[in-house]
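Engineer: Next up is a structure, given as structure tokens.
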Amino acid sequence: MKSKIIIFLFLFLLVFIFGTYFLEQEKESTNVSSYSDFNYFEQNDADQNNLEKLDVSVFFCPEDDCKNKLLDLIYDSNKSIYCALYSLTDNDIYDAIRTKQKENLDIKIVTDLINTNRSTSKIGLLKADGVSIITNPEENKYMHNKYCVFDENVLLVGSANFTNDSFLSNNNILIIKDSELSKIFYDKINSYFQNNFSKDYLLIQNQIKNSQINFCPNDDCFDSVVKYLRESRESIYCMFYSYTLNDFSYELKRIKSIYPDIDIKIIIEKDLCSYPYCEYNSLLKDNIEIVFDKNNNNMHNKFCVFDKKVVMTGSMNMSLNGIKNNEESLIFIEDNNLSQKYENYFFKYWFLWK
């Protein structure tokens, strides 16, 4: 009897071990296949080549005098200026908006509640000048966007705040001349003025030409980030101001384990790594290359380049607040030439700071 019990236990143990092994193999197989099921803009490679492209220009701060690019757009506007901003403290930008307000342009600004109350903010002065201004309703959910729409047909979007220091820091802005894309951002600002913040607002059409737009938190921004991460096979290059999201690190490590030859490089702002949850050491432990910035101001970018063909940029930091709480915007653009410009900019600082 005792020997039968031993044999039974031995057979049970074998079944358990082999069952667990095959279950894990099935899970692994499922995960690997999921990495190949995503397609940029739901198009295959042949279709991508036929996508109509946006008229887009990129400018990198501080090299490209980003502030004057913005001022030119403000002064050249004849009909309307709609902006969603985290902060506005720059005197020249204030003067430009004030000038256009006196010309009776339709101007609307939605901005961050906490920053509006700071002594350096120009928002109160603009409101006194008659500019239509609202703020986000909750202090702990920032209005963190950084975009403007000019005359309903030109969009400025990127990582730069409208502040004195922002244009001296590492930032990027896109200027896109496209009425269809501009309308999406224009309508978004109007929705804010109807008190429909992202929790109450779902973007129905988010693919325009060779771009995809996401407004966080309602449009599942991180799901889109993951989609492009998982499509990558050759390279992932990112610059992040704040990087505390371990889910992003998990995806990088997972991709690296499946595609060992993929080139992954990350640059992050050093000063913010003194706070808890910085992912710097987490990536180092898994031999993923990551370096700190050495800018005396800030390295304030929030962009990635995937496989030399897709750029992701906007206001969203790679943090839990960025993907879950704040009012944010992301834009993905499939464009080889644009991707090359971002990649050149990235490696300029990679070799400088490494």
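A note on labels: chains of the structure tokens are A, B, ... as shown, every chain counts residues from 1, and ligands are counted from 1 in their shown order.
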Hey, which bits of region 222-334 of chain A sit within 10 Å of region 52-74 of chain A, and for each residue what's the closest pair of atoms and how far apart in Å (one decimal), counting only C-alpha atoms, rows by chain and increasing number, as a Markdown table?
Structural biologist:
| residue | atom | partner | partner_atom | distance |
| --- | --- | --- | --- | --- |
| A:Met299 | CA | A:Cys61 | CA | 9.9 |
| A:His300 | CA | A:Cys61 | CA | 9.7 |
| A:Asn301 | CA | A:Cys61 | CA | 9.5 |
| A:Ile333 | CA | A:Leu54 | CA | 8.5 |
| A:Glu334 | CA | A:Lys53 | CA | 8.4 |
Engineer: If you count only C-alpha atoms, which residues fall within 12 Å of Asp95 (chain A), apart from same-chain ones fewer than 5 positions away, as an MDAnalysis selection string?
Structural biologist: chainID A and resid 71 74:75 88:90 100:102 122:123 125:126 129
Engineer: Next, dump the selected residues to file, keeping only N, CA and C atoms, as a short mmCIF file (atom, residue, chain, number, x, y, z; two decimals), in the first residue's frame.
Structural biologist:
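Now in again_26.cif:
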data_model
loop_
_atom_site.label_atom_id
_atom_site.label_comp_id
_atom_site.auth_asym_id
_atom_site.auth_seq_id
_atom_site.Cartn_x
_atom_site.Cartn_y
_atom_site.Cartn_z
N LEU A 71 6.47 82.90 -31.67
CA LEU A 71 6.06 84.30 -31.81
C LEU A 71 5.62 84.62 -33.23
N ILE A 74 2.10 83.44 -33.70
CA ILE A 74 1.13 84.31 -33.01
C ILE A 74 0.89 85.58 -33.82
N TYR A 75 1.97 86.26 -34.19
CA TYR A 75 1.83 87.54 -34.90
C TYR A 75 1.25 87.37 -36.30
N LEU A 88 2.45 79.67 -18.65
CA LEU A 88 2.82 80.79 -19.51
C LEU A 88 3.41 81.89 -18.62
N THR A 89 4.72 82.09 -18.70
CA THR A 89 5.41 83.12 -17.91
C THR A 89 6.26 84.05 -18.76
N ASP A 90 6.43 83.73 -20.03
CA ASP A 90 7.34 84.50 -20.88
C ASP A 90 6.72 85.84 -21.28
N LYS A 100 -2.54 90.59 -30.18
CA LYS A 100 -3.56 89.98 -31.05
C LYS A 100 -4.95 90.09 -30.43
N GLN A 101 -5.03 90.11 -29.10
CA GLN A 101 -6.31 90.32 -28.44
C GLN A 101 -6.86 91.71 -28.79
N LYS A 102 -5.98 92.70 -28.85
CA LYS A 102 -6.39 94.06 -29.20
C LYS A 102 -6.85 94.15 -30.65
N LYS A 122 1.50 84.79 -16.40
CA LYS A 122 0.90 85.89 -17.14
C LYS A 122 -0.58 85.67 -17.43
N ILE A 123 -1.12 84.57 -16.95
CA ILE A 123 -2.50 84.21 -17.24
C ILE A 123 -3.48 85.24 -16.67
N LEU A 125 -3.00 88.37 -16.11
CA LEU A 125 -2.94 89.60 -16.90
C LEU A 125 -3.70 89.45 -18.22
N LEU A 126 -3.57 88.28 -18.86
CA LEU A 126 -4.29 88.06 -20.11
C LEU A 126 -5.80 88.02 -19.88
N ASP A 129 -7.06 91.33 -19.66
CA ASP A 129 -7.10 91.96 -20.99
C ASP A 129 -8.28 91.48 -21.83
#
Engineer: So that I can see what lies close to Phe303 (chain A), please list as a count of residues only the residues with an atom at most 7 Å from it, counting only C-alpha atoms and leaving out residues fewer than 5 positions away in the same chain.
Structural biologist: 5
Engineer: When you look at Leu245 (chain A) with a cut-off of 12 Å (counting only C-alpha atoms), what residues show up, excluding the ones that are within fewer than 4 positions of it in the same chain? I need them as a list in words.
Structural biologist: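 Using only C-alpha atoms, the neighbours found are Phe222, Phe240, Ser249, Tyr250, Glu251, Leu252, Pro276, Tyr277, Cys278, Glu279, Tyr280, Ser282, Leu283, Met316, Asn317, Met318, Ser319, Leu320, Asn321, Gly322, Ile323 and Lys324 of chain A.
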Engineer: Please produce an output containing N, CA and C atoms for each residue in the selection, written as a CSV table (one decimal), in the first residue's frame.
Structural biologist:
chain,number,residue,atom,x,y,z
A,222,PHE,N,-1.1,55.1,-23.1
A,222,PHE,CA,0.0,54.1,-22.9
A,222,PHE,C,-0.3,52.8,-23.8
A,240,PHE,N,13.5,61.4,-22.1
A,240,PHE,CA,12.4,61.6,-21.2
A,240,PHE,C,12.8,62.6,-20.1
A,249,SER,N,9.4,50.2,-18.7
A,249,SER,CA,10.6,49.4,-18.5
A,249,SER,C,10.4,47.9,-18.8
A,250,TYR,N,9.2,47.5,-18.3
A,250,TYR,CA,8.9,46.0,-18.5
A,250,TYR,C,8.8,45.8,-20.0
A,251,GLU,N,8.2,46.7,-20.8
A,251,GLU,CA,8.0,46.5,-22.2
A,251,GLU,C,9.4,46.5,-22.9
A,252,LEU,N,10.3,47.4,-22.5
A,252,LEU,CA,11.6,47.4,-23.0
A,252,LEU,C,12.4,46.1,-22.8
A,276,PRO,N,11.8,59.2,-5.8
A,276,PRO,CA,11.6,57.8,-5.8
A,276,PRO,C,11.0,57.3,-7.2
A,277,TYR,N,11.2,56.1,-7.4
A,277,TYR,CA,10.6,55.4,-8.6
A,277,TYR,C,11.3,55.7,-9.9
A,278,CYS,N,12.4,56.4,-9.9
A,278,CYS,CA,13.1,56.6,-11.2
A,278,CYS,C,13.6,55.3,-11.7
A,279,GLU,N,13.4,55.1,-13.0
A,279,GLU,CA,13.7,53.8,-13.6
A,279,GLU,C,15.1,53.6,-14.1
A,280,TYR,N,16.0,54.5,-13.8
A,280,TYR,CA,17.4,54.4,-14.3
A,280,TYR,C,18.1,53.1,-13.9
A,282,SER,N,16.8,50.4,-12.8
A,282,SER,CA,16.0,49.2,-13.3
A,282,SER,C,16.5,48.8,-14.7
A,283,LEU,N,16.7,49.8,-15.5
A,283,LEU,CA,17.2,49.5,-16.9
A,283,LEU,C,18.7,49.0,-16.9
A,316,MET,N,3.4,64.2,-22.7
A,316,MET,CA,3.3,63.2,-21.7
A,316,MET,C,4.6,62.7,-21.2
A,317,ASN,N,4.9,62.8,-19.9
A,317,ASN,CA,6.0,62.2,-19.3
A,317,ASN,C,5.7,60.7,-19.2
A,318,MET,N,6.8,59.9,-19.1
A,318,MET,CA,6.6,58.5,-18.9
A,318,MET,C,6.5,58.2,-17.4
A,319,SER,N,5.3,58.5,-16.9
A,319,SER,CA,5.0,58.4,-15.5
A,319,SER,C,3.5,58.0,-15.3
A,320,LEU,N,3.2,57.5,-14.1
A,320,LEU,CA,1.8,57.1,-13.9
A,320,LEU,C,0.8,58.3,-14.0
A,321,ASN,N,1.3,59.5,-13.5
A,321,ASN,CA,0.4,60.7,-13.6
A,321,ASN,C,0.2,61.0,-15.1
A,322,GLY,N,1.3,60.8,-15.9
A,322,GLY,CA,1.2,61.1,-17.3
A,322,GLY,C,0.2,60.3,-18.0
A,323,ILE,N,0.1,59.0,-17.7
A,323,ILE,CA,-0.8,58.2,-18.5
A,323,ILE,C,-2.2,58.0,-17.8
A,324,LYS,N,-2.3,58.4,-16.6
A,324,LYS,CA,-3.6,58.1,-15.9
A,324,LYS,C,-4.3,59.3,-15.4
Engineer: Please return, as a PyMOL selection string, all residues of region 85-334 of chain A that DSSP assigns to alpha helix (DSSP H) on the basis of the backbone.
Structural biologist: chain A and resi 91-102+113-116+123-128+179-193+221-231+246-258+280-285+320-324
Engineer: So, with only C-alpha atoms as the atoms that count, which of A:Asn337, A:Val310, A:Tyr241, A:Ser166 lies closest to Ser211 (chain A)?
Structural biologist: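 That would be A:Val310, the residue with the smallest distance to Ser211 (chain A).
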Engineer: For a quick check of understanding, using only C-alpha atoms, which of A:Asn145, A:Ser339, A:Ser132, A:Ser87 has the smallest distance to Phe215 (chain A)?
Structural biologist: A:Asn145
Engineer: Determine the nearest neighbour of Ile290 (chain A) from the options A:Phe197, A:Tyr275, A:Trp350, A:Asp261, counting only C-alpha atoms.
Structural biologist: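 For Ile290 (chain A), the nearest of the given residues is A:Trp350.
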